[in-house]
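Raw target26.txt, compact mmCIF, C-alpha atoms:
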# COMPACT_ATOMS: atom_id res chain seq x y z
CA LEU A 24 -5.38 -13.88 -13.21
CA PHE A 25 -6.56 -10.28 -13.38
CA VAL A 26 -9.67 -10.93 -11.30
CA ASN A 27 -8.00 -13.09 -8.64
CA TYR A 28 -4.83 -11.04 -8.21
CA ASP A 29 -4.95 -7.55 -9.75
CA CYS A 30 -8.44 -6.89 -8.37
CA ASP A 31 -7.57 -8.24 -4.91
CA PRO A 32 -6.36 -5.43 -2.60
CA HIS A 33 -4.09 -7.85 -0.74
CA ALA A 34 -2.56 -9.67 -3.73
CA PRO A 35 0.24 -8.60 -6.10
CA PRO A 36 -0.76 -7.33 -9.59
CA LEU A 37 0.44 -10.43 -11.44
CA PHE A 38 -1.47 -9.71 -14.66
CA GLU A 39 -0.07 -6.18 -14.90
CA ARG A 40 3.46 -7.41 -14.22
CA THR A 41 3.08 -10.19 -16.79
CA VAL A 42 1.93 -7.79 -19.49
CA GLN A 43 4.75 -5.37 -18.67
CA ALA A 44 7.30 -8.19 -18.84
CA LEU A 45 5.94 -9.41 -22.17
CA GLY A 46 6.05 -5.87 -23.54
CA TRP A 47 9.67 -5.51 -22.44
CA LEU A 48 10.66 -8.88 -23.92
CA SER A 49 8.98 -8.10 -27.23
CA GLN A 50 11.09 -4.93 -27.60
CA ARG A 51 14.44 -5.95 -26.13
CA THR A 52 17.58 -5.69 -28.24
CA ASP A 53 20.33 -6.58 -25.76
CA THR A 54 21.83 -10.07 -26.17
CA THR A 55 24.45 -9.85 -23.40
CA ASP A 56 22.76 -12.20 -20.96
CA LEU A 57 21.94 -14.62 -23.76
CA MET A 58 25.62 -14.80 -24.74
CA ASP A 59 26.63 -15.42 -21.13
CA ARG A 60 24.47 -18.50 -20.81
CA PRO A 61 26.53 -21.69 -20.26
CA GLY A 62 24.89 -23.45 -23.21
CA VAL A 63 25.83 -20.67 -25.59
CA LEU A 64 29.43 -20.56 -24.38
CA ALA A 65 29.77 -24.35 -24.63
CA ASN A 66 28.37 -24.41 -28.15
CA SER A 67 30.63 -21.58 -29.25
CA ALA A 68 33.68 -23.26 -27.73
CA ASN A 69 32.95 -26.61 -29.31
CA GLY A 70 32.01 -25.26 -32.70
CA GLY A 71 34.68 -22.66 -33.03
CA GLY A 72 36.98 -24.87 -35.07
CA GLY A 73 39.98 -23.63 -33.09
CA SER A 74 39.69 -20.13 -34.51
CA SER A 75 39.54 -17.29 -31.98
CA SER A 76 37.60 -15.08 -34.43
CA VAL A 77 34.95 -17.64 -35.38
CA ALA A 78 33.86 -18.60 -31.85
CA PRO A 79 32.70 -15.11 -30.75
CA LEU A 80 30.92 -14.62 -34.07
CA LYS A 81 29.04 -17.89 -33.74
CA ALA A 82 28.16 -17.07 -30.13
CA ALA A 83 26.75 -13.71 -31.22
CA GLN A 84 24.74 -15.36 -34.00
CA GLU A 85 23.27 -17.91 -31.59
CA ALA A 86 22.44 -15.17 -29.10
CA GLY A 87 20.73 -13.19 -31.85
CA ALA A 88 18.69 -16.24 -32.85
CA ARG A 89 17.65 -16.76 -29.24
CA LEU A 90 16.65 -13.10 -28.96
CA VAL A 91 14.48 -13.35 -32.07
CA ALA A 92 12.80 -16.45 -30.68
CA VAL A 93 12.14 -14.76 -27.33
CA ARG A 94 10.72 -11.65 -29.00
CA GLU A 95 8.47 -13.68 -31.30
CA GLN A 96 7.14 -15.72 -28.39
CA ALA A 97 6.49 -12.59 -26.33
CA ILE A 98 4.62 -10.99 -29.24
CA ARG A 99 2.55 -14.16 -29.66
CA CYS A 100 1.61 -14.01 -25.99
CA VAL A 101 0.62 -10.35 -26.23
CA VAL A 102 -1.53 -11.05 -29.29
CA SER A 103 -3.17 -13.97 -27.47
CA LEU A 104 -3.95 -11.72 -24.51
CA VAL A 105 -5.52 -9.11 -26.78
CA ALA A 106 -7.58 -11.81 -28.52
CA CYS A 107 -8.81 -13.16 -25.18
CA LEU A 108 -9.79 -9.67 -24.06
CA ASP A 109 -11.65 -9.15 -27.34
CA VAL A 110 -13.59 -12.39 -26.87
CA TRP A 111 -14.41 -11.50 -23.26
CA ALA A 112 -15.60 -8.03 -24.27
CA GLY A 113 -17.63 -9.34 -27.23
CA PRO A 114 -20.97 -9.69 -25.39
CA LEU A 115 -20.52 -6.25 -23.83
CA LYS A 116 -19.90 -4.63 -27.22
CA GLU A 117 -22.85 -6.49 -28.73
CA ALA A 118 -25.13 -5.34 -25.95
CA GLY A 119 -24.02 -1.74 -26.46
CA GLN A 120 -24.63 -1.91 -30.21
CA GLN A 121 -28.10 -3.38 -29.71
CA ALA A 122 -28.96 -0.72 -27.16
CA ARG A 123 -27.92 2.03 -29.59
CA ALA A 124 -29.93 0.39 -32.38
CA ALA A 125 -32.97 0.18 -30.14
CA GLY A 126 -32.66 3.85 -29.28
CA MET A 127 -32.51 4.80 -32.95
CA GLU A 128 -35.59 2.65 -33.65
CA GLN A 129 -37.57 4.32 -30.89
CA GLN A 130 -36.55 7.78 -32.13
CA HIS A 131 -37.60 6.89 -35.68
CA GLY A 132 -40.89 5.45 -34.44
CA SER A 133 -41.80 8.61 -32.57
CA ASN A 134 -41.67 10.54 -35.87
CA GLY A 135 -43.73 7.95 -37.82
CA ASP A 136 -47.31 6.77 -37.71
CA ALA A 137 -48.91 4.87 -34.81
CA ALA A 138 -48.30 1.44 -36.35
CA SER A 139 -44.64 2.14 -36.80
CA GLU A 140 -44.49 3.43 -33.23
CA GLU A 141 -46.16 0.28 -31.90
CA SER A 142 -43.81 -1.91 -33.96
CA SER A 143 -40.81 0.00 -32.73
CA SER A 144 -41.90 -0.21 -29.10
CA ALA A 145 -42.67 -3.91 -29.47
CA SER A 146 -39.26 -4.66 -30.96
CA GLY A 147 -37.67 -2.54 -28.23
CA ALA A 148 -39.54 -4.52 -25.59
CA THR A 149 -38.27 -7.85 -26.86
CA GLY A 150 -34.82 -7.35 -28.36
CA PRO A 151 -32.99 -4.93 -26.08
CA GLN A 152 -34.64 -6.18 -22.89
CA GLU A 153 -33.75 -9.76 -23.62
CA ASN A 154 -30.21 -8.81 -24.52
CA GLY A 155 -30.01 -6.64 -21.43
CA SER A 156 -31.00 -9.60 -19.28
CA THR A 157 -28.39 -11.71 -21.03
CA HIS A 158 -25.47 -9.28 -21.02
CA GLY A 159 -26.44 -6.83 -18.28
CA GLY A 160 -24.81 -9.02 -15.69
CA GLY A 161 -21.58 -9.04 -17.67
CA SER A 162 -21.62 -5.26 -17.95
CA GLU A 163 -22.22 -4.90 -14.23
CA GLU A 164 -19.42 -7.36 -13.47
CA ALA A 165 -17.05 -5.46 -15.74
CA GLY A 166 -17.93 -2.22 -13.98
CA ARG A 167 -17.40 -3.83 -10.60
CA LEU A 168 -13.97 -5.18 -11.58
CA GLU A 169 -12.97 -1.81 -12.99
CA ALA A 170 -13.99 -0.11 -9.75
CA VAL A 171 -12.08 -2.65 -7.65
CA TRP A 172 -8.98 -2.27 -9.82
CA ALA A 173 -9.18 1.54 -9.65
CA HIS A 174 -9.55 1.32 -5.86
CA LYS A 175 -6.47 -0.90 -5.60
CA SER A 176 -4.46 1.36 -7.91
CA SER A 177 -5.30 4.42 -5.81
CA LEU A 178 -4.49 2.52 -2.63
CA ASN A 179 -1.08 1.41 -3.92
CA ARG A 180 -0.31 4.92 -5.12
CA GLY A 181 -1.22 6.36 -1.73
CA LEU A 182 0.90 3.80 0.14
CA ALA A 183 3.84 4.55 -2.15
CA MET A 184 3.42 8.27 -1.47
CA PHE A 185 3.27 7.57 2.26
CA ASN A 186 6.44 5.47 2.29
CA HIS A 187 8.54 7.46 -0.17
CA GLY A 188 7.09 10.96 -0.16
CA ASN A 189 5.00 13.01 2.23
CA PRO A 190 2.87 10.92 4.63
CA ILE A 191 0.49 13.80 5.31
CA LYS A 192 -0.16 14.42 1.61
CA ALA A 193 -0.56 10.68 1.09
CA ILE A 194 -3.35 10.43 3.67
CA ARG A 195 -5.07 13.46 2.15
CA PHE A 196 -4.82 11.85 -1.29
CA LEU A 197 -6.32 8.60 0.00
CA ALA A 198 -9.15 10.55 1.62
CA SER A 199 -9.82 12.43 -1.63
CA GLN A 200 -10.05 9.09 -3.48
CA GLY A 201 -12.51 7.68 -0.96
CA ILE A 202 -10.05 5.05 0.28
CA VAL A 203 -10.27 6.29 3.86
CA GLU A 204 -12.76 8.54 5.62
CA ASP A 205 -11.58 12.04 6.44
CA SER A 206 -11.58 11.59 10.22
CA PRO A 207 -8.78 10.89 12.72
CA GLN A 208 -10.43 7.67 13.93
CA ALA A 209 -10.80 6.33 10.38
CA VAL A 210 -7.21 7.25 9.52
CA ALA A 211 -5.96 5.51 12.67
CA ALA A 212 -7.91 2.37 11.78
CA PHE A 213 -6.58 2.52 8.21
CA LEU A 214 -2.97 2.84 9.38
CA ARG A 215 -3.39 -0.06 11.77
CA GLY A 216 -5.00 -2.18 9.07
CA HIS A 217 -2.13 -1.53 6.63
CA ILE A 218 0.68 -1.47 9.19
CA ASP A 219 2.64 -4.19 7.37
CA SER A 220 2.71 -2.12 4.17
CA LEU A 221 3.87 1.11 5.80
CA ASP A 222 7.43 2.29 6.35
CA LYS A 223 8.03 2.55 10.10
CA ALA A 224 10.04 5.76 9.82
CA ALA A 225 7.36 7.41 7.67
CA LEU A 226 4.64 6.34 10.11
CA GLY A 227 6.64 7.81 12.99
CA GLU A 228 6.99 11.10 11.13
CA TYR A 229 3.25 11.18 10.53
CA PHE A 230 2.49 10.59 14.22
CA GLY A 231 4.99 13.27 15.19
CA ALA A 232 3.41 15.97 13.01
CA HIS A 233 2.14 19.02 14.89
CA GLU A 234 -0.99 19.69 12.80
CA ALA A 235 -4.26 19.17 14.70
CA PHE A 236 -5.61 16.42 12.42
CA GLU A 237 -2.41 14.36 12.53
CA VAL A 238 -2.15 14.77 16.31
CA ALA A 239 -5.75 13.55 16.64
CA ALA A 240 -4.97 10.58 14.39
CA MET A 241 -1.96 9.70 16.56
CA HIS A 242 -4.12 9.92 19.68
CA ALA A 243 -6.76 7.70 18.09
CA PHE A 244 -4.11 5.15 17.11
CA ILE A 245 -2.67 4.94 20.63
CA ASP A 246 -6.15 4.86 22.16
CA GLN A 247 -6.71 1.62 20.25
CA GLU A 248 -3.84 0.05 22.23
CA ARG A 249 -4.49 -1.90 25.43
CA TYR A 250 -1.90 -2.04 28.23
CA THR A 251 -3.86 -3.48 31.15
CA ASN A 252 -1.55 -5.38 33.56
CA VAL A 253 1.40 -4.92 31.17
CA PRO A 254 4.71 -3.58 32.56
CA LEU A 255 5.50 -0.12 31.26
CA ASP A 256 8.67 -1.12 29.41
CA ILE A 257 6.85 -3.99 27.66
CA ALA A 258 3.96 -1.67 26.75
CA LEU A 259 6.41 0.88 25.35
CA ARG A 260 8.15 -1.81 23.32
CA LYS A 261 4.77 -3.02 22.01
CA LEU A 262 3.92 0.47 20.78
CA LEU A 263 7.29 1.24 19.24
CA ALA A 264 7.44 -2.10 17.43
CA GLN A 265 4.85 -0.63 15.05
CA PHE A 266 6.73 2.53 14.05
CA ARG A 267 10.03 4.31 14.52
CA LEU A 268 10.19 7.39 16.70
CA PRO A 269 10.99 10.61 14.80
CA GLY A 270 14.24 12.40 15.47
CA GLU A 271 12.93 15.65 16.91
CA ALA A 272 12.44 15.85 20.67
CA GLN A 273 9.15 17.76 20.36
CA LYS A 274 7.66 15.02 18.19
CA ILE A 275 8.78 12.31 20.60
CA ASP A 276 7.36 14.37 23.46
CA ARG A 277 3.86 14.46 21.95
CA ILE A 278 3.84 10.71 21.33
CA MET A 279 5.12 9.88 24.83
CA GLU A 280 2.59 12.13 26.50
CA LYS A 281 -0.25 10.27 24.80
CA PHE A 282 1.32 6.88 25.52
CA ALA A 283 1.62 7.71 29.23
CA GLU A 284 -1.98 8.90 29.36
CA ARG A 285 -3.18 5.65 27.76
CA TYR A 286 -1.03 3.49 30.01
CA VAL A 287 -2.18 5.11 33.26
CA LYS A 288 -5.81 4.93 32.14
CA ASP A 289 -5.56 1.20 31.43
CA ASN A 290 -3.86 0.55 34.78
CA ALA A 291 -5.68 3.03 37.00
CA ALA A 292 -6.46 0.42 39.66
CA THR A 293 -3.03 -1.20 39.87
CA SER A 294 -0.55 1.38 38.56
CA ALA A 295 2.27 2.63 40.78
CA PHE A 296 2.13 6.02 39.01
CA ARG A 297 0.27 8.85 40.68
CA ASN A 298 -0.55 10.38 37.31
CA ALA A 299 0.43 10.33 33.67
CA ASP A 300 3.42 12.60 34.34
CA GLY A 301 5.24 9.82 36.17
CA ALA A 302 4.67 7.34 33.36
CA TYR A 303 5.79 9.99 30.87
CA LEU A 304 9.04 10.67 32.74
CA LEU A 305 9.95 6.99 32.99
CA SER A 306 9.03 6.33 29.34
CA PHE A 307 11.16 9.21 28.12
CA ALA A 308 14.03 8.11 30.38
CA ILE A 309 13.85 4.56 28.98
CA ILE A 310 14.05 5.93 25.45
CA MET A 311 17.05 8.08 26.36
CA LEU A 312 18.74 5.09 28.02
CA ASN A 313 18.13 2.89 24.99
CA THR A 314 19.45 5.59 22.64
CA ASP A 315 22.53 6.08 24.80
CA ALA A 316 23.24 2.33 24.92
CA HIS A 317 22.98 1.80 21.15
CA ASN A 318 24.39 5.08 19.83
CA PRO A 319 27.92 4.36 18.57
CA VAL A 320 28.86 8.06 18.41
CA ALA A 321 27.79 8.93 21.96
CA GLU A 322 30.67 10.63 23.78
CA GLY A 323 29.57 9.90 27.34
CA ARG A 324 27.38 7.09 28.61
CA LEU A 325 24.38 7.71 30.83
CA ALA A 326 25.24 6.96 34.45
CA LYS A 327 22.87 5.30 36.90
CA ALA A 328 22.52 8.49 38.90
CA ASP A 329 21.63 10.43 35.75
CA PHE A 330 18.94 7.91 34.84
CA VAL A 331 17.45 8.05 38.35
CA SER A 332 17.48 11.84 38.21
CA MET A 333 15.60 11.79 34.89
CA CYS A 334 12.91 9.60 36.46
CA HIS A 335 12.49 11.79 39.56
CA GLN A 336 9.08 13.39 39.90
CA PRO A 337 8.70 16.09 42.56
CA LEU A 338 5.76 15.73 44.94
CA GLY A 339 2.87 18.12 44.58
CA GLU A 340 1.69 20.47 47.33
CA GLU A 341 -1.26 18.23 48.12
CA GLU A 342 1.13 15.32 48.63
CA GLY A 343 3.41 17.12 51.03
If you convert what's in this file into structure tokens, what do you get?
Amino acid sequence: LFVNYDCDPHAPPLFERTVQALGWLSQRTDTTDLMDRPGVLANSANGGGGSSSVAPLKAAQEAGARLVAVREQAIRCVVSLVACLDVWAGPLKEAGQQARAAGMEQQHGSNGDAASEESSSASGATGPQENGSTHGGGSEEAGRLEAVWAHKSSLNRGLAMFNHGNPIKAIRFLASQGIVEDSPQAVAAFLRGHIDSLDKAALGEYFGAHEAFEVAAMHAFIDQERYTNVPLDIALRKLLAQFRLPGEAQKIDRIMEKFAERYVKDNAATSAFRNADGAYLLSFAIIMLNTDAHNPVAEGRLAKADFVSMCHQPLGEEEG
């Protein structure tokens, strides 16, 4: 269970949850839910003998008996888990003891005569090496599982920080733990690979940050998008399905500027936009229109003329 789930980055930590649940059950003292069970109420009603004072007492006694049984069973399970872990770790402990004994033998032999030294080296060549070949694989496997579990724990902690704390600090923490490389391209690939585990609002706040590294990561993320022969509104919807735009206009502005640049680049041969500014204006106007249509507290609705005015791009001097 631990190897297949807790050490799998994409699986839930079932072993950890099971142990936590057993620990909670072995220490619980509340019998409320046990008394509310239909079987308990039926037994108390049938065995109450018509006395209003006896029925609740019997129900409490039955609930207490059930609680004792649950606690005993939970403790038995915990003891069984500890025993299994002890058996699994037995060869590893034996190998460590033999290695320490071999080291003491070699140290003693170096202070003795030549015969003792040869005997010590001979015993060291047979005993510890054989045991190392037998249990070395187990030790390496244990180390590998520990490293995988530590990696998953750090990853989950970083994702929790990202979703419920500070996204910027979360990415820096993940980089410090070696989960992601400290480069905008690697961070963008990491965010895309874990998009289903990230809070959309937190991801939008991260992309809207003004620091150089976060801006570069946002650019790298959008550069991984492909909008060839895709209508602009569909491309915009495709991008914003992955995260929620932040609330500040400056943050939205930075994201839309990069989106427009990417869109025009992918549709350079067929695009109706002269440059990225036109795509930016229309993208921003679409967002404003969508906000106006779905904002229940908006005082005045955006008129058609206002929307057209927002999309208007003056001609440059070279265009007359």
(message) What does the structure give for the distance between atom CA of Ala165 of chain A and atom CA of Val26 of chain A, in Å to one decimal?
(response) 10.2 Å
(request) Find the residues around Glu39 of chain A up to 10 Å (all atoms listed in the file counted), leave out those fewer than 4 positions away in its own chain, and share them as a list of chain:residue names. (result) A:Leu24, A:Phe25, A:Tyr28, A:Asp29, A:Pro35, A:Gln43, A:Ala44, A:Leu45
(message) I'd like the contact shell of segment 281-285 of chain A - 9 Å cut-off, only C-alpha atoms, skipping same-chain residues fewer than 3 positions apart - returned as a count of residues only.
(response) 24
(message) List the spatial neighbours of Leu182 of chain A as JSON, numbers by chain - criterion: any atom at most 10 Å away, all atoms listed in the file, same-chain residues fewer than 6 positions off excluded.
(response) {"A": [176, 188, 190, 193, 194, 196, 197, 217, 220, 221, 222]}
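In terms of minimum interatomic distance to Met279 of chain A, A:Phe307 ranks closest within A:Phe213, A:Trp111, A:Phe296, A:Phe307, counting all atoms listed in the file.
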(request) For Thr293 of chain A, list every protein, DNA or RNA residue within 10 Å, evaluated using all atoms listed in the file, and leave out those in the same chain fewer than 5 positions away; present the list as a ChimeraX atom specification. (result) /A:251-252,287
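One finds atom CA of Arg51 of chain A at 20.8 Å from atom CA of Leu37 of chain A.
Here atom CA of Val42 of chain A is placed at a distance of 14.7 Å from atom CA of Glu95 of chain A.
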Listed atoms of segment 42-54 of chain A, axis-aligned box, 4 Å per side: centre and edge lengths to one decimal in Å, as JSON?
{"center_x": 11.9, "center_y": -7.5, "center_z": -23.5, "size_x": 27.9, "size_y": 13.1, "size_z": 17.6}
(request) Considering all atoms listed in the file, return as a PyMOL selection string whatever protein or nucleic-acid residues lie within 10 Å of Ser177 of chain A, sequence-local ones (same chain, fewer than 6 positions apart) excluded. (result) chain A and resi 171+183+196-197+200-202
